[in-house]
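Undergrad: My file is data_32.txt. It has compact mmCIF, C-alpha atoms:
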```txt
# COMPACT_ATOMS: atom_id res chain seq x y z
CA MET A 1 6.57 2.31 -11.88
CA LYS A 2 7.78 -0.11 -9.23
CA ILE A 3 5.29 -1.69 -6.84
CA VAL A 4 6.20 -2.28 -3.20
CA TYR A 5 3.89 -3.91 -0.68
CA ALA A 6 3.52 -5.11 2.89
CA SER A 7 1.03 -7.87 3.60
CA ARG A 8 0.32 -9.53 6.92
CA MET A 9 -2.98 -11.36 6.32
CA GLY A 10 -2.50 -11.92 2.58
CA HIS A 11 -5.08 -9.40 1.33
CA VAL A 12 -2.50 -6.91 0.08
CA GLU A 13 -0.45 -9.64 -1.57
CA GLU A 14 -3.62 -10.89 -3.28
CA ILE A 15 -4.38 -7.39 -4.58
CA VAL A 16 -0.87 -7.00 -6.01
CA SER A 17 -1.16 -10.44 -7.62
CA LYS A 18 -4.61 -9.69 -9.12
CA LEU A 19 -3.17 -6.52 -10.64
CA GLY A 20 -0.48 -8.61 -12.34
CA TYR A 21 2.54 -7.02 -10.68
CA THR A 22 4.73 -10.12 -10.73
CA ASP A 23 7.95 -8.19 -10.04
CA ALA A 24 6.61 -6.36 -6.98
CA VAL A 25 8.88 -6.05 -3.95
CA LYS A 26 7.50 -7.43 -0.69
CA ILE A 27 8.49 -5.64 2.51
CA VAL A 28 9.42 -8.37 4.96
CA LYS A 29 11.84 -6.72 7.41
CA GLY A 30 11.71 -3.05 6.47
CA ASP A 31 15.36 -2.91 5.40
CA GLU A 32 14.71 -3.64 1.72
CA LYS A 33 16.08 -1.14 -0.81
CA VAL A 34 14.32 0.04 -3.97
CA GLU A 35 15.89 2.31 -6.56
CA GLY A 36 13.68 4.94 -8.14
CA GLU A 37 10.01 5.76 -7.79
CA PHE A 38 7.42 3.34 -6.42
CA VAL A 39 3.82 2.93 -5.32
CA LEU A 40 3.28 1.43 -1.87
CA PHE A 41 0.45 -1.01 -1.05
CA THR A 42 -0.06 -1.46 2.70
CA TYR A 43 -2.34 -2.58 5.49
CA SER A 44 -2.94 -0.85 8.83
CA ASP A 45 -1.53 -2.20 12.09
CA LEU A 46 -2.81 -2.08 15.65
CA VAL A 47 -5.43 0.68 15.82
CA GLY A 48 -5.01 2.43 12.47
CA GLU A 49 -1.23 2.73 12.52
CA THR A 50 1.23 2.39 9.67
CA PRO A 51 3.09 -0.90 10.17
CA ALA A 52 6.56 -0.47 11.71
CA ILE A 53 8.21 -2.37 8.84
CA VAL A 54 6.60 0.05 6.38
CA GLU A 55 7.83 3.05 8.38
CA SER A 56 11.35 1.58 8.40
CA PHE A 57 11.21 0.91 4.67
CA LEU A 58 10.01 4.42 3.86
CA ALA A 59 12.69 6.01 6.02
CA ASN A 60 15.34 4.49 3.72
CA ASN A 61 13.59 4.70 0.34
CA PRO A 62 12.80 8.22 -0.86
CA GLY A 63 10.97 7.39 -4.11
CA LEU A 64 7.39 7.09 -2.83
CA LYS A 65 4.91 8.45 -5.41
CA ALA A 66 1.54 7.16 -4.10
CA VAL A 67 -0.04 4.72 -1.65
CA VAL A 68 -2.87 2.17 -1.72
CA GLY A 69 -4.42 0.78 1.46
CA SER A 70 -6.29 -2.41 2.25
CA GLY A 71 -8.26 -3.05 5.41
CA SER A 72 -11.49 -4.39 6.82
CA LYS A 73 -14.43 -2.02 7.21
CA ALA A 74 -16.26 -4.66 9.24
CA ARG A 75 -13.44 -5.20 11.76
CA HIS A 76 -12.03 -1.66 11.92
CA PRO A 77 -14.68 0.86 10.83
CA GLU A 78 -13.28 3.73 12.93
CA THR A 79 -9.70 3.34 11.71
CA PHE A 80 -10.32 1.91 8.23
CA ASN A 81 -7.12 2.26 6.16
CA PHE A 82 -5.61 4.86 8.49
CA GLY A 83 -2.16 3.30 7.93
CA ALA A 84 -2.22 4.23 4.24
CA ILE A 85 -3.87 7.58 4.88
CA LYS A 86 -1.14 8.51 7.38
CA VAL A 87 1.56 7.59 4.84
CA GLY A 88 -0.11 9.83 2.28
CA GLN A 89 -0.24 12.73 4.72
CA LYS A 90 3.28 12.28 6.09
CA TYR A 91 4.94 11.98 2.67
CA ASN A 92 2.54 14.31 0.83
CA VAL A 93 1.60 11.72 -1.79
CA PRO A 94 -1.84 10.73 -3.10
CA VAL A 95 -3.79 7.83 -1.64
CA LEU A 96 -4.94 6.09 -4.82
CA ALA A 97 -7.43 3.83 -3.05
CA THR A 98 -8.59 2.57 0.34
CA LEU A 99 -9.84 -0.95 -0.31
CA ASP A 100 -12.06 -3.14 1.81
CA LEU A 101 -10.11 -6.40 1.89
CA GLY A 102 -9.32 -7.32 -1.76
CA GLY A 103 -11.36 -4.56 -3.36
CA THR A 104 -13.72 -4.82 -6.31
CA ASP A 105 -12.79 -5.42 -9.93
CA ALA A 106 -13.71 -1.79 -10.70
CA GLU A 107 -11.50 -0.51 -7.87
CA LEU A 108 -8.58 -2.63 -9.04
CA GLU A 109 -8.97 -1.37 -12.60
CA ALA A 110 -9.03 2.23 -11.32
CA ILE A 111 -5.82 1.60 -9.33
CA LYS A 112 -4.07 0.17 -12.36
CA ASN A 113 -5.11 3.20 -14.45
CA ALA A 114 -4.02 5.64 -11.71
CA ILE A 115 -0.60 4.00 -11.45
CA ALA A 116 -0.18 4.09 -15.23
CA ALA A 117 -0.93 7.83 -15.13
CA LEU A 118 1.75 8.62 -12.53
```
So that I can check it, write out the structure of this file as structure tokens.
TA:
Amino acid sequence: MKIVYASRMGHVEEIVSKLGYTDAVKIVKGDEKVEGEFVLFTYSDLVGETPAIVESFLANNPGLKAVVGSGSKARHPETFNFGAIKVGQKYNVPVLATLDLGGTDAELEAIKNAIAAL
């Protein structure tokens, strides 16, 4: 399963790195192309919105299988991980996790197992 991620503050990139996905594709502009199925790791933008570059990427890449979100419960308790949740709802895919910043070791292990089961 391919891993695709968007990271603005570095938390999402750190998560992907901790999970050992060295060949993950980083969304930088939103025009990247990925062949086949993938799991998306994303942050939320503004007030709980899916980042525009993620929306652009998803509009041109139909292989989304699941999504993982990272956010800050302390800074955005009312809209915590809404960006990932909205992707899950819009594309009818499971949200594998909504992490507070980098997540815990147990959460990361659960994500890795969930991706392996897809």
Undergrad: Applying 9 Å and all atoms listed in the file, which residues near region 92-109 of chain A remain after dropping the ones on its own chain fewer than 2 positions away? List them as number ranges by chain.
TA: A: 11-12, 14-15, 18-19, 64-74, 80-82, 84-85, 87-90, 111-115
Undergrad: Tell me, as number ranges by chain, which residues lie within 12 Å of Asp31 (chain A), counting only C-alpha atoms; anything in the same chain fewer than 3 positions away does not count.
TA: A: 25-28, 34, 52-61
Undergrad: What gap, in Å, lies between CA of Phe41 (chain A) and CA of Gly83 (chain A)?
TA: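 Rounded to one decimal, the two atoms are 10.3 Å apart.
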Undergrad: Give me, please, the distance in Å between CA of Leu118 (chain A) and CA of Asp45 (chain A), quoted to one decimal.
TA: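 CA of Asp45 (chain A) lies at a distance of 27.1 Å from CA of Leu118 (chain A).
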Undergrad: Grab the CA of Val16 (chain A) to CA of Ser44 (chain A) distance for me, in Å with one decimal place.
TA: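 Separation of CA of Val16 (chain A) and CA of Ser44 (chain A): 16.2 Å.
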Undergrad: Pick from A:Met9, A:Leu46, A:Val39, A:Val4: nearest to Asp23 (chain A), with only C-alpha atoms counted?
TA: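 Checking each of A:Met9, A:Leu46, A:Val39, A:Val4 against Asp23 (chain A), counting only C-alpha atoms, the winner is A:Val4.
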Undergrad: For Leu40 (chain A), which residue out of A:Ser17, A:Thr22, A:Ala110, A:Lys2 is the nearest one, using all atoms listed in the file?
TA: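 Using all atoms listed in the file, Leu40 (chain A) sits closest to A:Lys2.
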Undergrad: Kindly compute an axis-aligned box around the listed atoms of region 6-20 of chain A, allowing 3 Å on each side, and express its centre and edge lengths in Å to one decimal as lines of an AutoDock Vina configuration file.
TA:
```
center_x = -0.8
center_y = -8.5
center_z = -2.7
size_x = 14.6
size_y = 12.8
size_z = 25.3
```
Undergrad: Determine the nearest neighbour of Glu49 (chain A) from the options A:Gly36, A:Ala24, A:His76, A:Lys86, counting only C-alpha atoms.
TA: A:Lys86
Undergrad: Using all atoms listed in the file, find the one residue out of A:Tyr43, A:Glu37, A:Lys29, A:Gly20 that sits nearest to Arg8 (chain A).
TA: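 For Arg8 (chain A), the nearest of the given residues is A:Tyr43.
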Undergrad: In terms of the shortest atom-to-atom distance over only C-alpha atoms, which of A:Tyr91, A:Ala117, A:Pro62, A:Ser7 is closest to Glu35 (chain A)?
TA: A:Pro62
Undergrad: Here is a test: counting all atoms listed in the file, which residue of A:Thr42, A:Glu13, A:Thr50, A:Ala6 is nearest to Gly30 (chain A)?
TA: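 Among the listed residues, the smallest separation from Gly30 (chain A) belongs to A:Ala6.
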Undergrad: Please complete region 53-83 of chain A with N, CA and C atoms and give it back as an mmCIF file, in the frame of the given file.
TA:
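Wrote it out as rebuild_13.cif, contents follow:
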```
data_model
loop_
_atom_site.group_PDB
_atom_site.id
_atom_site.type_symbol
_atom_site.label_atom_id
_atom_site.label_comp_id
_atom_site.auth_asym_id
_atom_site.auth_seq_id
_atom_site.Cartn_x
_atom_site.Cartn_y
_atom_site.Cartn_z
ATOM 1 N N ILE A 53 7.306 -1.990 9.938
ATOM 2 C CA ILE A 53 8.210 -2.370 8.840
ATOM 3 C C ILE A 53 8.038 -1.433 7.644
ATOM 4 N N VAL A 54 6.834 -0.912 7.456
ATOM 5 C CA VAL A 54 6.600 0.050 6.380
ATOM 6 C C VAL A 54 7.276 1.374 6.708
ATOM 7 N N GLU A 55 7.150 1.818 7.953
ATOM 8 C CA GLU A 55 7.830 3.050 8.380
ATOM 9 C C GLU A 55 9.333 2.926 8.179
ATOM 10 N N SER A 56 9.908 1.796 8.570
ATOM 11 C CA SER A 56 11.350 1.580 8.400
ATOM 12 C C SER A 56 11.731 1.607 6.924
ATOM 13 N N PHE A 57 10.943 0.927 6.103
ATOM 14 C CA PHE A 57 11.210 0.910 4.670
ATOM 15 C C PHE A 57 11.177 2.316 4.085
ATOM 16 N N LEU A 58 10.154 3.078 4.414
ATOM 17 C CA LEU A 58 10.010 4.420 3.860
ATOM 18 C C LEU A 58 11.107 5.371 4.325
ATOM 19 N N ALA A 59 11.622 5.162 5.512
ATOM 20 C CA ALA A 59 12.690 6.010 6.020
ATOM 21 C C ALA A 59 13.967 5.880 5.182
ATOM 22 N N ASN A 60 14.123 4.750 4.497
ATOM 23 C CA ASN A 60 15.340 4.490 3.720
ATOM 24 C C ASN A 60 15.127 4.437 2.213
ATOM 25 N N ASN A 61 13.907 4.749 1.761
ATOM 26 C CA ASN A 61 13.590 4.700 0.340
ATOM 27 C C ASN A 61 12.788 5.937 -0.037
ATOM 28 N N PRO A 62 13.436 6.923 -0.642
ATOM 29 C CA PRO A 62 12.800 8.220 -0.860
ATOM 30 C C PRO A 62 11.887 8.332 -2.095
ATOM 31 N N GLY A 63 11.678 7.270 -2.851
ATOM 32 C CA GLY A 63 10.970 7.390 -4.110
ATOM 33 C C GLY A 63 9.467 7.197 -4.085
ATOM 34 N N LEU A 64 8.839 7.316 -2.934
ATOM 35 C CA LEU A 64 7.390 7.090 -2.830
ATOM 36 C C LEU A 64 6.612 8.093 -3.677
ATOM 37 N N LYS A 65 5.722 7.587 -4.552
ATOM 38 C CA LYS A 65 4.910 8.450 -5.410
ATOM 39 C C LYS A 65 3.424 8.418 -5.028
ATOM 40 N N ALA A 66 2.954 7.296 -4.461
ATOM 41 C CA ALA A 66 1.540 7.160 -4.100
ATOM 42 C C ALA A 66 1.401 5.938 -3.196
ATOM 43 N N VAL A 67 0.220 5.825 -2.569
ATOM 44 C CA VAL A 67 -0.040 4.720 -1.650
ATOM 45 C C VAL A 67 -1.443 4.179 -1.880
ATOM 46 N N VAL A 68 -1.582 2.868 -1.658
ATOM 47 C CA VAL A 68 -2.870 2.170 -1.720
ATOM 48 C C VAL A 68 -3.013 1.412 -0.405
ATOM 49 N N GLY A 69 -4.182 1.482 0.201
ATOM 50 C CA GLY A 69 -4.420 0.780 1.460
ATOM 51 C C GLY A 69 -5.447 -0.322 1.311
ATOM 52 N N SER A 70 -5.310 -1.335 2.160
ATOM 53 C CA SER A 70 -6.290 -2.410 2.250
ATOM 54 C C SER A 70 -6.578 -2.641 3.724
ATOM 55 N N GLY A 71 -7.858 -2.806 4.033
ATOM 56 C CA GLY A 71 -8.260 -3.050 5.410
ATOM 57 C C GLY A 71 -9.625 -3.694 5.447
ATOM 58 N N SER A 72 -10.176 -3.791 6.632
ATOM 59 C CA SER A 72 -11.490 -4.390 6.820
ATOM 60 C C SER A 72 -12.439 -3.367 7.439
ATOM 61 N N LYS A 73 -13.430 -2.944 6.669
ATOM 62 C CA LYS A 73 -14.430 -2.020 7.210
ATOM 63 C C LYS A 73 -15.226 -2.664 8.327
ATOM 64 N N ALA A 74 -15.472 -3.961 8.223
ATOM 65 C CA ALA A 74 -16.260 -4.660 9.240
ATOM 66 C C ALA A 74 -15.508 -4.748 10.566
ATOM 67 N N ARG A 75 -14.214 -5.028 10.531
ATOM 68 C CA ARG A 75 -13.440 -5.200 11.760
ATOM 69 C C ARG A 75 -12.913 -3.890 12.333
ATOM 70 N N HIS A 76 -12.651 -2.910 11.473
ATOM 71 C CA HIS A 76 -12.030 -1.660 11.920
ATOM 72 C C HIS A 76 -12.701 -0.445 11.296
ATOM 73 N N PRO A 77 -13.997 -0.244 11.498
ATOM 74 C CA PRO A 77 -14.680 0.860 10.830
ATOM 75 C C PRO A 77 -14.163 2.241 11.227
ATOM 76 N N GLU A 78 -13.738 2.411 12.471
ATOM 77 C CA GLU A 78 -13.280 3.730 12.930
ATOM 78 C C GLU A 78 -11.893 4.091 12.439
ATOM 79 N N THR A 79 -11.087 3.089 12.123
ATOM 80 C CA THR A 79 -9.700 3.340 11.710
ATOM 81 C C THR A 79 -9.404 2.726 10.339
ATOM 82 N N PHE A 80 -10.434 2.566 9.526
ATOM 83 C CA PHE A 80 -10.320 1.910 8.230
ATOM 84 C C PHE A 80 -9.257 2.584 7.362
ATOM 85 N N ASN A 81 -8.211 1.828 7.045
ATOM 86 C CA ASN A 81 -7.120 2.260 6.160
ATOM 87 C C ASN A 81 -6.340 3.468 6.654
ATOM 88 N N PHE A 82 -6.368 3.734 7.949
ATOM 89 C CA PHE A 82 -5.610 4.860 8.490
ATOM 90 C C PHE A 82 -4.110 4.724 8.234
ATOM 91 N N GLY A 83 -3.579 3.491 8.192
ATOM 92 C CA GLY A 83 -2.160 3.300 7.930
ATOM 93 C C GLY A 83 -1.743 3.919 6.609
#
```
